[in-house]
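Asker: protein38.cif (mmCIF, C-alpha atoms and all ligand atoms) pasted underneath:
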data_upload
#
loop_
_atom_site.group_PDB
_atom_site.id
_atom_site.type_symbol
_atom_site.label_atom_id
_atom_site.label_comp_id
_atom_site.auth_asym_id
_atom_site.auth_seq_id
_atom_site.Cartn_x
_atom_site.Cartn_y
_atom_site.Cartn_z
ATOM 1 C CA MET A 1131 107.523 132.392 132.943
ATOM 2 C CA SER A 1132 103.810 133.077 132.557
ATOM 3 C CA ASN A 1133 101.682 131.098 130.124
ATOM 4 C CA PRO A 1134 101.217 132.582 126.629
ATOM 5 C CA GLU A 1135 98.081 134.685 126.312
ATOM 6 C CA ILE A 1136 95.523 133.466 123.823
ATOM 7 C CA LEU A 1137 92.251 134.771 122.485
ATOM 8 C CA GLN A 1138 89.480 132.170 122.401
ATOM 9 C CA LEU A 1139 86.835 133.165 119.868
ATOM 10 C CA GLY A 1140 84.047 130.763 120.793
ATOM 11 C CA PRO A 1141 83.182 128.238 123.506
ATOM 12 C CA TYR A 1142 84.510 124.679 123.584
ATOM 13 C CA PRO A 1143 83.268 121.678 125.537
ATOM 14 C CA GLN A 1144 84.391 121.589 129.169
ATOM 15 C CA TRP A 1145 86.903 118.832 128.392
ATOM 16 C CA ASP A 1146 88.732 121.334 126.164
ATOM 17 C CA GLU A 1147 88.268 124.434 128.286
ATOM 18 C CA GLU A 1148 90.074 122.905 131.270
ATOM 19 C CA PRO A 1149 93.368 121.943 129.564
ATOM 20 C CA LEU A 1150 93.302 125.167 127.542
ATOM 21 C CA ASN A 1151 93.023 127.232 130.718
ATOM 22 C CA ALA A 1152 95.764 125.211 132.381
ATOM 23 C CA ALA A 1153 98.259 125.824 129.576
ATOM 24 C CA PHE A 1154 97.422 129.365 128.501
ATOM 25 C CA GLY A 1155 96.237 132.725 129.730
ATOM 26 C CA VAL A 1156 92.851 132.514 128.028
ATOM 27 C CA HIS A 1157 90.749 135.557 127.099
ATOM 28 C CA ARG A 1158 87.206 134.483 126.265
ATOM 29 C CA TYR A 1159 86.462 136.886 123.438
ATOM 30 C CA PHE A 1160 82.825 135.832 123.134
ATOM 31 C CA ASP A 1161 82.223 136.777 126.793
ATOM 32 C CA ILE A 1162 83.796 140.235 126.505
ATOM 33 C CA ALA A 1163 81.182 142.991 126.295
ATOM 34 C CA ASP A 1164 83.300 145.800 124.834
ATOM 35 C CA LYS A 1165 85.342 143.940 122.236
ATOM 36 C CA PRO A 1166 86.955 146.989 120.561
ATOM 37 C CA ALA A 1167 88.093 148.334 123.954
ATOM 38 C CA PHE A 1168 89.493 144.913 124.864
ATOM 39 C CA LEU A 1169 91.426 144.631 121.596
ATOM 40 C CA ALA A 1170 92.773 148.195 121.916
ATOM 41 C CA LYS A 1171 94.071 147.515 125.419
ATOM 42 C CA SER A 1172 95.014 143.827 125.374
ATOM 43 C CA GLY A 1173 95.515 143.056 121.654
ATOM 44 C CA PRO A 1174 99.314 143.441 121.945
ATOM 45 C CA SER A 1175 99.515 140.756 124.643
ATOM 46 C CA ILE A 1176 97.770 138.113 122.463
ATOM 47 C CA ARG A 1177 100.166 135.540 120.980
ATOM 48 C CA ALA A 1178 97.643 133.007 119.699
ATOM 49 C CA ILE A 1179 94.040 132.738 118.616
ATOM 50 C CA ALA A 1180 92.045 129.553 119.218
ATOM 51 C CA THR A 1181 88.973 129.453 117.053
ATOM 52 C CA ARG A 1182 86.316 127.124 115.722
ATOM 53 C CA GLY A 1183 86.096 126.313 112.040
ATOM 54 C CA GLU A 1184 83.193 128.584 111.364
ATOM 55 C CA LEU A 1185 84.305 131.516 113.534
ATOM 56 C CA GLY A 1186 86.662 133.806 111.721
ATOM 57 C CA ALA A 1187 89.781 135.725 112.535
ATOM 58 C CA ASN A 1188 89.544 138.602 110.093
ATOM 59 C CA ARG A 1189 92.176 141.169 109.122
ATOM 60 C CA ALA A 1190 90.933 143.757 111.641
ATOM 61 C CA MET A 1191 91.285 141.276 114.493
ATOM 62 C CA ILE A 1192 94.662 140.069 113.267
ATOM 63 C CA GLU A 1193 95.904 143.664 113.011
ATOM 64 C CA ALA A 1194 94.610 144.449 116.486
ATOM 65 C CA CYS A 1195 96.949 141.715 117.774
ATOM 66 C CA PRO A 1196 100.378 142.873 116.541
ATOM 67 C CA ASN A 1197 102.246 140.118 118.427
ATOM 68 C CA LEU A 1198 100.037 137.306 117.158
ATOM 69 C CA GLU A 1199 102.092 134.230 116.207
ATOM 70 C CA ILE A 1200 99.577 131.500 115.481
ATOM 71 C CA ILE A 1201 95.892 130.817 114.810
ATOM 72 C CA SER A 1202 94.824 127.305 115.758
ATOM 73 C CA VAL A 1203 91.535 126.279 114.154
ATOM 74 C CA TYR A 1204 89.299 123.633 115.753
ATOM 75 C CA GLY A 1205 87.948 122.331 112.454
ATOM 76 C CA VAL A 1206 89.202 121.255 109.064
ATOM 77 C CA GLY A 1207 87.785 124.350 107.311
ATOM 78 C CA TYR A 1208 89.832 127.508 107.736
ATOM 79 C CA ASP A 1209 87.998 129.668 105.198
ATOM 80 C CA ALA A 1210 86.928 132.056 107.963
ATOM 81 C CA VAL A 1211 90.567 132.945 108.719
ATOM 82 C CA ASP A 1212 92.098 135.723 106.632
ATOM 83 C CA LEU A 1213 94.991 133.692 105.254
ATOM 84 C CA SER A 1214 96.489 136.521 103.212
ATOM 85 C CA ALA A 1215 96.724 138.723 106.323
ATOM 86 C CA CYS A 1216 98.391 135.786 108.123
ATOM 87 C CA GLN A 1217 100.808 135.196 105.257
ATOM 88 C CA GLU A 1218 101.795 138.877 105.131
ATOM 89 C CA LYS A 1219 102.501 138.951 108.843
ATOM 90 C CA GLY A 1220 104.155 135.537 109.135
ATOM 91 C CA ILE A 1221 101.388 134.181 111.356
ATOM 92 C CA ARG A 1222 101.135 130.391 111.419
ATOM 93 C CA VAL A 1223 97.753 128.689 110.930
ATOM 94 C CA THR A 1224 96.769 125.129 111.845
ATOM 95 C CA ASN A 1225 93.552 123.112 111.447
ATOM 96 C CA THR A 1226 92.249 119.671 112.477
ATOM 97 C CA PRO A 1227 92.060 117.489 109.350
ATOM 98 C CA ASP A 1228 91.639 113.687 109.311
ATOM 99 C CA VAL A 1229 90.260 113.288 112.836
ATOM 100 C CA LEU A 1230 86.777 114.382 111.723
ATOM 101 C CA THR A 1231 86.648 112.929 108.213
ATOM 102 C CA ASN A 1232 84.633 109.798 108.988
ATOM 103 C CA ASP A 1233 82.064 111.523 111.180
ATOM 104 C CA VAL A 1234 81.407 114.222 108.600
ATOM 105 C CA ALA A 1235 80.970 111.549 105.922
ATOM 106 C CA ASP A 1236 78.657 109.569 108.221
ATOM 107 C CA LEU A 1237 76.384 112.550 108.781
ATOM 108 C CA GLY A 1238 76.259 113.349 105.071
ATOM 109 C CA VAL A 1239 75.095 109.813 104.312
ATOM 110 C CA ALA A 1240 72.670 109.875 107.251
ATOM 111 C CA MET A 1241 71.172 113.105 105.913
ATOM 112 C CA MET A 1242 70.736 111.550 102.471
ATOM 113 C CA LEU A 1243 69.012 108.505 103.968
ATOM 114 C CA CYS A 1244 66.777 110.559 106.251
ATOM 115 C CA GLN A 1245 65.732 112.939 103.544
ATOM 116 C CA SER A 1246 65.203 110.346 100.840
ATOM 117 C CA ARG A 1247 63.221 107.940 103.015
ATOM 118 C CA GLY A 1248 61.351 110.678 104.909
ATOM 119 C CA VAL A 1249 62.620 109.488 108.295
ATOM 120 C CA ILE A 1250 61.895 112.741 110.155
ATOM 121 C CA GLY A 1251 58.375 113.045 108.737
ATOM 122 C CA ALA A 1252 57.761 109.352 109.414
ATOM 123 C CA GLU A 1253 58.527 109.828 113.083
ATOM 124 C CA GLY A 1254 56.028 112.699 113.152
ATOM 125 C CA TRP A 1255 53.509 110.333 111.517
ATOM 126 C CA VAL A 1256 53.880 107.939 114.447
ATOM 127 C CA LYS A 1257 53.956 110.598 117.180
ATOM 128 C CA ASP A 1258 50.989 112.654 115.986
ATOM 129 C CA GLY A 1259 48.734 109.629 115.617
ATOM 130 C CA SER A 1260 48.603 109.768 111.804
ATOM 131 C CA TRP A 1261 49.668 106.135 111.549
ATOM 132 C CA SER A 1262 46.554 104.859 113.318
ATOM 133 C CA ALA A 1263 44.306 107.593 111.918
ATOM 134 C CA LYS A 1264 45.445 107.625 108.298
ATOM 135 C CA GLY A 1265 47.310 104.360 107.761
ATOM 136 C CA LEU A 1266 50.420 103.906 105.682
ATOM 137 C CA TYR A 1267 53.027 106.658 105.559
ATOM 138 C CA PRO A 1268 53.409 108.151 102.049
ATOM 139 C CA VAL A 1269 56.012 106.248 100.026
ATOM 140 C CA LYS A 1270 59.397 107.879 99.413
ATOM 141 C CA ARG A 1271 62.353 107.509 97.086
ATOM 142 C CA ARG A 1272 64.800 104.590 97.156
ATOM 143 C CA VAL A 1273 68.460 105.176 98.028
ATOM 144 C CA TRP A 1274 70.323 101.992 97.063
ATOM 145 C CA GLY A 1275 71.374 101.502 93.473
ATOM 146 C CA ARG A 1276 70.885 105.137 92.510
ATOM 147 C CA ARG A 1277 73.435 107.627 91.173
ATOM 148 C CA ALA A 1278 75.533 109.849 93.411
ATOM 149 C CA GLY A 1279 77.812 112.744 92.552
ATOM 150 C CA ILE A 1280 80.564 114.035 94.808
ATOM 151 C CA LEU A 1281 81.681 117.604 94.289
ATOM 152 C CA GLY A 1282 85.179 117.656 95.754
ATOM 153 C CA LEU A 1283 86.798 114.248 96.151
ATOM 154 C CA GLY A 1284 89.096 115.135 99.036
ATOM 155 C CA ARG A 1285 89.316 113.249 102.304
ATOM 156 C CA ILE A 1286 85.647 113.730 103.222
ATOM 157 C CA GLY A 1287 84.311 113.242 99.686
ATOM 158 C CA PHE A 1288 86.279 110.010 99.394
ATOM 159 C CA GLU A 1289 84.812 108.672 102.646
ATOM 160 C CA VAL A 1290 81.294 109.585 101.481
ATOM 161 C CA ALA A 1291 81.945 107.695 98.223
ATOM 162 C CA LYS A 1292 83.268 104.664 100.125
ATOM 163 C CA ARG A 1293 80.067 104.521 102.162
ATOM 164 C CA LEU A 1294 77.837 104.973 99.109
ATOM 165 C CA LYS A 1295 79.496 102.001 97.409
ATOM 166 C CA GLY A 1296 77.905 99.943 100.185
ATOM 167 C CA PHE A 1297 74.538 101.071 98.798
ATOM 168 C CA ASP A 1298 75.487 99.775 95.340
ATOM 169 C CA MET A 1299 75.442 103.294 93.977
ATOM 170 C CA GLU A 1300 76.997 104.469 90.762
ATOM 171 C CA ILE A 1301 79.443 107.189 91.797
ATOM 172 C CA SER A 1302 80.750 110.132 89.803
ATOM 173 C CA TYR A 1303 82.818 113.071 91.028
ATOM 174 C CA SER A 1304 84.088 116.479 90.052
ATOM 175 C CA ASP A 1305 87.320 118.011 91.191
ATOM 176 C CA VAL A 1306 90.132 120.118 89.756
ATOM 177 C CA GLY A 1307 91.423 116.938 88.127
ATOM 178 C CA ALA A 1308 90.911 113.175 88.097
ATOM 179 C CA LYS A 1309 92.151 111.448 91.246
ATOM 180 C CA SER A 1310 94.356 108.353 91.152
ATOM 181 C CA TYR A 1311 92.579 106.942 94.214
ATOM 182 C CA ALA A 1312 89.080 107.251 92.718
ATOM 183 C CA GLU A 1313 88.806 103.602 91.760
ATOM 184 C CA GLY A 1314 85.446 102.648 90.316
ATOM 185 C CA MET A 1315 84.267 106.260 90.149
ATOM 186 C CA ARG A 1316 83.664 108.314 87.054
ATOM 187 C CA PHE A 1317 85.412 111.696 86.740
ATOM 188 C CA VAL A 1318 83.260 114.489 85.338
ATOM 189 C CA ALA A 1319 85.144 117.783 85.082
ATOM 190 C CA ASP A 1320 82.112 120.068 84.809
ATOM 191 C CA PRO A 1321 79.925 120.326 87.939
ATOM 192 C CA VAL A 1322 76.846 121.069 85.780
ATOM 193 C CA GLU A 1323 77.365 117.868 83.816
ATOM 194 C CA LEU A 1324 77.941 116.000 87.071
ATOM 195 C CA ALA A 1325 74.671 117.322 88.503
ATOM 196 C CA ARG A 1326 72.772 116.369 85.339
ATOM 197 C CA ASP A 1327 73.854 112.741 85.667
ATOM 198 C CA VAL A 1328 73.090 112.081 89.333
ATOM 199 C CA ASP A 1329 70.228 111.726 91.812
ATOM 200 C CA PHE A 1330 72.191 112.849 94.896
ATOM 201 C CA LEU A 1331 74.832 115.571 94.781
ATOM 202 C CA PHE A 1332 77.152 115.791 97.786
ATOM 203 C CA VAL A 1333 79.112 119.003 98.271
ATOM 204 C CA THR A 1334 82.365 118.149 100.041
ATOM 205 C CA LEU A 1335 84.643 120.902 98.788
ATOM 206 C CA ALA A 1336 87.004 122.955 100.935
ATOM 207 C CA ALA A 1337 85.584 126.472 100.673
ATOM 208 C CA SER A 1338 87.627 129.295 99.185
ATOM 209 C CA ALA A 1339 87.093 132.430 97.110
ATOM 210 C CA GLU A 1340 87.364 130.200 94.018
ATOM 211 C CA THR A 1341 84.631 127.793 95.077
ATOM 212 C CA ARG A 1342 82.160 130.502 96.180
ATOM 213 C CA HIS A 1343 78.725 129.711 94.674
ATOM 214 C CA ILE A 1344 80.170 126.873 92.602
ATOM 215 C CA VAL A 1345 76.736 125.326 93.094
ATOM 216 C CA GLY A 1346 74.795 128.067 91.348
ATOM 217 C CA PRO A 1347 71.594 128.212 89.281
ATOM 218 C CA ASP A 1348 73.054 126.008 86.496
ATOM 219 C CA VAL A 1349 74.132 123.172 88.780
ATOM 220 C CA ILE A 1350 70.855 123.335 90.706
ATOM 221 C CA ALA A 1351 68.775 123.274 87.501
ATOM 222 C CA ALA A 1352 70.829 120.334 86.213
ATOM 223 C CA LEU A 1353 70.188 118.367 89.407
ATOM 224 C CA GLY A 1354 66.515 118.987 88.779
ATOM 225 C CA PRO A 1355 63.107 118.216 90.308
ATOM 226 C CA GLN A 1356 64.079 114.635 91.213
ATOM 227 C CA GLY A 1357 67.510 115.551 92.555
ATOM 228 C CA MET A 1358 68.789 116.057 96.095
ATOM 229 C CA LEU A 1359 71.590 118.382 97.174
ATOM 230 C CA ILE A 1360 73.513 117.471 100.334
ATOM 231 C CA ASN A 1361 75.899 120.086 101.760
ATOM 232 C CA ILE A 1362 78.350 119.125 104.508
ATOM 233 C CA SER A 1363 81.021 121.641 103.500
ATOM 234 C CA ARG A 1364 80.414 125.382 103.775
ATOM 235 C CA ALA A 1365 77.383 127.475 102.847
ATOM 236 C CA SER A 1366 79.513 129.729 100.635
ATOM 237 C CA ASN A 1367 79.920 126.859 98.149
ATOM 238 C CA ILE A 1368 76.228 127.223 97.307
ATOM 239 C CA ASP A 1369 74.266 130.167 95.949
ATOM 240 C CA GLU A 1370 71.709 130.089 98.733
ATOM 241 C CA GLU A 1371 69.218 132.414 97.030
ATOM 242 C CA ALA A 1372 69.245 130.231 93.914
ATOM 243 C CA LEU A 1373 68.843 127.152 96.112
ATOM 244 C CA LEU A 1374 65.870 128.639 97.966
ATOM 245 C CA ASP A 1375 64.203 129.714 94.718
ATOM 246 C CA ALA A 1376 64.615 126.209 93.291
ATOM 247 C CA LEU A 1377 63.359 124.478 96.435
ATOM 248 C CA GLU A 1378 60.324 126.762 96.577
ATOM 249 C CA SER A 1379 59.421 126.286 92.924
ATOM 250 C CA GLY A 1380 60.179 122.563 92.857
ATOM 251 C CA ALA A 1381 62.897 123.071 90.251
ATOM 252 C CA LEU A 1382 65.084 121.186 92.740
ATOM 253 C CA GLY A 1383 63.592 118.135 94.449
ATOM 254 C CA SER A 1384 65.097 118.479 97.900
ATOM 255 C CA ALA A 1385 68.117 119.397 99.966
ATOM 256 C CA ALA A 1386 69.822 118.272 103.151
ATOM 257 C CA LEU A 1387 71.974 121.010 104.658
ATOM 258 C CA ASP A 1388 74.333 121.194 107.633
ATOM 259 C CA VAL A 1389 75.640 124.706 106.903
ATOM 260 C CA PHE A 1390 74.022 128.075 106.171
ATOM 261 C CA GLU A 1391 74.951 131.619 105.231
ATOM 262 C CA GLY A 1392 75.055 133.697 108.425
ATOM 263 C CA GLU A 1393 74.575 130.623 110.645
ATOM 264 C CA PRO A 1394 73.377 130.052 113.300
ATOM 265 C CA LYS A 1395 70.753 132.496 112.007
ATOM 266 C CA LEU A 1396 69.065 131.031 108.942
ATOM 267 C CA ASN A 1397 67.250 132.661 106.095
ATOM 268 C CA PRO A 1398 63.619 132.227 107.318
ATOM 269 C CA ARG A 1399 62.635 130.959 103.865
ATOM 270 C CA PHE A 1400 64.291 127.654 104.811
ATOM 271 C CA LEU A 1401 61.918 127.202 107.738
ATOM 272 C CA ALA A 1402 58.818 127.310 105.549
ATOM 273 C CA LEU A 1403 60.000 124.501 103.263
ATOM 274 C CA ASP A 1404 59.004 120.869 103.586
ATOM 275 C CA ASN A 1405 61.532 119.556 101.054
ATOM 276 C CA VAL A 1406 64.622 120.392 103.071
ATOM 277 C CA LEU A 1407 66.382 118.723 106.003
ATOM 278 C CA LEU A 1408 68.077 121.306 108.233
ATOM 279 C CA GLN A 1409 70.951 120.400 110.558
ATOM 280 C CA PRO A 1410 72.836 122.693 112.993
ATOM 281 C CA HIS A 1411 76.399 122.409 111.575
ATOM 282 C CA HIS A 1412 77.214 119.316 113.584
ATOM 283 C CA ALA A 1413 78.765 116.925 111.086
ATOM 284 C CA SER A 1414 81.876 116.622 113.268
ATOM 285 C CA GLY A 1415 79.764 116.489 116.416
ATOM 286 C CA THR A 1416 80.617 113.225 118.125
ATOM 287 C CA ILE A 1417 82.306 113.002 121.510
ATOM 288 C CA GLU A 1418 85.191 111.027 120.058
ATOM 289 C CA THR A 1419 85.865 113.407 117.199
ATOM 290 C CA ARG A 1420 85.346 116.630 119.105
ATOM 291 C CA LYS A 1421 87.806 115.373 121.752
ATOM 292 C CA ALA A 1422 90.338 114.569 119.043
ATOM 293 C CA MET A 1423 89.788 117.983 117.426
ATOM 294 C CA GLY A 1424 90.297 119.786 120.731
ATOM 295 C CA LYS A 1425 93.463 117.840 121.464
ATOM 296 C CA LEU A 1426 94.889 118.491 118.019
ATOM 297 C CA MET A 1427 94.101 122.193 118.307
ATOM 298 C CA ARG A 1428 95.923 122.360 121.672
ATOM 299 C CA ASP A 1429 98.783 120.139 120.508
ATOM 300 C CA ASN A 1430 99.416 122.522 117.633
ATOM 301 C CA LEU A 1431 99.547 125.452 120.057
ATOM 302 C CA ALA A 1432 101.820 123.538 122.413
ATOM 303 C CA ALA A 1433 104.131 122.549 119.541
ATOM 304 C CA HIS A 1434 104.372 126.150 118.431
ATOM 305 C CA PHE A 1435 105.203 127.511 121.864
ATOM 306 C CA SER A 1436 107.792 124.806 122.512
ATOM 307 C CA GLY A 1437 109.473 125.372 119.149
ATOM 308 C CA ALA A 1438 108.481 121.936 117.791
ATOM 309 C CA PRO A 1439 107.126 121.434 114.263
ATOM 310 C CA LEU A 1440 103.384 122.060 113.932
ATOM 311 C CA LEU A 1441 101.343 118.865 113.621
ATOM 312 C CA THR A 1442 98.837 119.991 111.006
ATOM 313 C CA PRO A 1443 99.949 123.306 109.516
ATOM 314 C CA VAL A 1444 97.939 125.197 106.926
ATOM 315 C CA LEU A 1445 100.475 128.068 106.802
HETATM 316 C C1 LIG B 1 83.275 123.012 113.366
HETATM 317 C C2 LIG B 1 83.871 122.674 111.012
HETATM 318 O O1 LIG B 1 84.544 123.407 113.658
HETATM 319 O O2 LIG B 1 85.647 121.188 110.653
HETATM 320 C C3 LIG B 1 85.078 122.197 110.303
HETATM 321 O O3 LIG B 1 85.477 122.870 109.350
HETATM 322 O O4 LIG B 1 83.254 123.613 110.605
HETATM 323 C C4 LIG B 1 83.352 122.007 112.232
HETATM 324 O O5 LIG B 1 84.036 120.867 112.568
HETATM 325 C C5 LIG B 1 82.625 122.432 114.568
HETATM 326 O O6 LIG B 1 81.292 122.272 114.260
HETATM 327 C C6 LIG B 1 82.757 123.276 115.812
HETATM 328 O O7 LIG B 1 82.222 124.525 115.698
#
In structure tokens, how does this file's structure come out?

Answerer:
Amino acid sequence: MSNPEILQLGPYPQWDEEPLNAAFGVHRYFDIADKPAFLAKSGPSIRAIATRGELGANRAMIEACPNLEIISVYGVGYDAVDLSACQEKGIRVTNTPDVLTNDVADLGVAMMLCQSRGVIGAEGWVKDGSWSAKGLYPVKRRVWGRRAGILGLGRIGFEVAKRLKGFDMEISYSDVGAKSYAEGMRFVADPVELARDVDFLFVTLAASAETRHIVGPDVIAALGPQGMLINISRASNIDEEALLDALESGALGSAALDVFEGEPKLNPRFLALDNVLLQPHHASGTIETRKAMGKLMRDNLAAHFSGAPLLTPVL
């Protein structure tokens, strides 16, 4: 029997491409020039979609593949997949939780440290000769002992909090309810109140229609001119226009961002700012984690096609 045909929406590292090609009849969607013509002709042969967290399978694509059985997401976030279309059609969806949690938390904390202590600018100070020409690098803000807020105390938020405790920080969080595992952390139901009480606000929420722009003008204003916003979740959780306005006017002190509306293209206003740290959506980007994500994505597909229970089902 021939291997199941799958549609691959974006590239993976070579170490994932090889086993994927060995187990499946892979159509590289991103390499296909005439995508509508491809879907019209070959859509019915597609039984699975393999996609990255940020690359979506929308309703039109799902409907163009009438024999689609499963969408396997390489990423914990599945907000780009049209879940209601999948539910209607009985299409299974899987993601890759847990394996990336620690790396995403690490990068969030690294971004906070870099931005607060001016690490990127300090390197420029050395490389461009400013150190010898001008002397001491301008002093920055302390990290340890300050107040951090976590918006969304799920797996990633919890790991961020654990790391921040090592910096003797006072930690508060917002979520749909207080969490039994949030020992030593203060629950604040209202994100605006949370932002008012902290120096660093980490956004670690799973994105959904309900969380869209949860960090809006009120939260940003409450965080204020001394505050820093760190986003390692999804851009849709933040009102980007409000964020840009506040960064430009100084109403918000600074931001450290791994995700952007319309990424990898960014709103050019970001590029003109000197109070923002910009990262290319790589919080899960370590060899170890990306290998584990790729394996879990393939293992879910293999489980499905062999009739075994899915390892990490979303639907
Ligand atoms: C990406 C992610 O999948 O886990 C997620 O939700 O967005 C990331 O891990 C990864 O950057 C590959 O594109």

Asker: Find the residues near ligand LIG 1 (chain B). Use a cut-off of 6 Å, count all atoms listed in the file, and write them as a ChimeraX atom specification.

Answerer: /A:1182-1184,1204-1207,1411-1412,1414

Asker: Please evaluate the PyMOL selection byres (((chain A and resi 1136) around 9) and not hetatm) against the displayed coordinates and give the resulting residues as a PyMOL selection string.

Answerer: chain A and resi 1134-1135+1137-1138+1154-1158+1175-1180+1198

Asker: Next, write the just-selected residues to a file, as a tab-separated table (two decimals), keeping the file's coordinate frame, keeping C-alpha atoms as the atom set.

Answerer:
chain	number	residue	atom	x	y	z
A	1134	PRO	CA	101.22	132.58	126.63
A	1135	GLU	CA	98.08	134.68	126.31
A	1137	LEU	CA	92.25	134.77	122.48
A	1138	GLN	CA	89.48	132.17	122.40
A	1154	PHE	CA	97.42	129.36	128.50
A	1155	GLY	CA	96.24	132.72	129.73
A	1156	VAL	CA	92.85	132.51	128.03
A	1157	HIS	CA	90.75	135.56	127.10
A	1158	ARG	CA	87.21	134.48	126.26
A	1175	SER	CA	99.52	140.76	124.64
A	1176	ILE	CA	97.77	138.11	122.46
A	1177	ARG	CA	100.17	135.54	120.98
A	1178	ALA	CA	97.64	133.01	119.70
A	1179	ILE	CA	94.04	132.74	118.62
A	1180	ALA	CA	92.04	129.55	119.22
A	1198	LEU	CA	100.04	137.31	117.16

Asker: For the file shown, report as a PyMOL selection string the outcome of the PyMOL selection byres (((chain A and resi 1300-1312) around 9) and not hetatm) at residue level.

Answerer: chain A and resi 1275-1284+1287-1288+1291+1294-1295+1298-1299+1313-1321+1324+1327-1328+1335

Asker: Run the PyMOL selection byres (((chain A and resi 1220-1226) around 6) and not hetatm) mentally over the shown coordinates, then write out the matched residues as a PyMOL selection string, using the chain letters and numbers from the document.

Answerer: chain A and resi 1199-1206+1216-1219+1227+1423+1442-1445

Asker: Between A:Leu1230, A:Gly1173, A:Gly1186, A:Asp1348, which one has atoms that come closest to A:Thr1416, using all atoms listed in the file?

Answerer: A:Leu1230

Asker: Could you jot down the atom CA of A:Leu1353 to atom CA of A:Val1333 separation for me, Å, one decimal place?

Answerer: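 Rounded to one decimal, the two atoms are 12.6 Å apart.
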
Asker: Would you please work out which residue, of A:Gln1245, A:Ser1366, A:Gln1144, A:Asn1188, is nearest to A:Ala1210 when using all atoms listed in the file?

Answerer: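 Answer, going by the shortest atom-to-atom distance: A:Asn1188.
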
Asker: Env of A:Phe1390: 7 Å cut, atoms = all atoms listed in the file, seq-sep filter 3 positions within chain, self excluded. Answer as a list in words.

Answerer: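 My reading of the contact set: Ala1365, Glu1393 and Leu1396 of chain A.
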
Asker: Which is closer to A:Gly1354 than all the others in A:Ser1338, A:Phe1330, A:Leu1382, A:Val1234, using all atoms listed in the file?

Answerer: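 Among A:Ser1338, A:Phe1330, A:Leu1382, A:Val1234, it is A:Leu1382 that comes nearest to A:Gly1354.
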
Asker: Suppose you want the space between atom CA of A:His1434 and atom CA of A:Gly1415; what is it in Å?

Answerer: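 Spanning atom CA of A:His1434 to atom CA of A:Gly1415 is a straight-line distance of 26.5 Å.
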
Asker: Could the centre and edge lengths of an axis-aligned box, enclosing all atoms of stretch 1389-1395 of chain A in the file with 3 Å extra on each side, be given in Å to one decimal as lines of an AutoDock Vina configuration file?

Answerer:
center_x = 73.2
center_y = 129.2
center_z = 109.3
size_x = 10.9
size_y = 15.0
size_z = 14.1

Asker: Record the distance separating atom CA of A:Gly1248 and atom CA of A:Pro1347, expressed in Å with one decimal.

Answerer: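 A separation of 25.6 Å between them.
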
Asker: Taking 4 positions as the minimum chain separation for residues in the same chain, which residues sit within 10 Å of A:Pro1143 when counting all atoms listed in the file? Answer as an NGL selection string.

Answerer: :A and (1147-1148 or 1417 or 1420-1421 or 1424)

Asker: Take the residues from that selection and put them in a file with C-alpha atoms, as a PDB file, in the coordinates of the input.

Answerer:
ATOM      1  CA  GLU A1147      88.268 124.434 128.286  1.00  0.00           C
ATOM      2  CA  GLU A1148      90.074 122.905 131.270  1.00  0.00           C
ATOM      3  CA  ILE A1417      82.306 113.002 121.510  1.00  0.00           C
ATOM      4  CA  ARG A1420      85.346 116.630 119.105  1.00  0.00           C
ATOM      5  CA  LYS A1421      87.806 115.373 121.752  1.00  0.00           C
ATOM      6  CA  GLY A1424      90.297 119.786 120.731  1.00  0.00           C
TER       7      GLY A1424
END

Asker: Of the candidates A:Leu1387, A:Pro1268, A:Ile1350, A:Ala1336, which one gets nearest to A:Val1249 if we count all atoms listed in the file?

Answerer: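 Among the listed residues, the smallest separation from A:Val1249 belongs to A:Pro1268.
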
Asker: Using all atoms listed in the file, which protein or nucleic acid residues come within 12 Å of A:Ala1376? Drop anything in the same chain fewer than 5 positions from it, and give the result as a ChimeraX atom specification.

Answerer: /A:1346-1359,1369-1371,1381-1385,1399-1400,1403,1405-1406
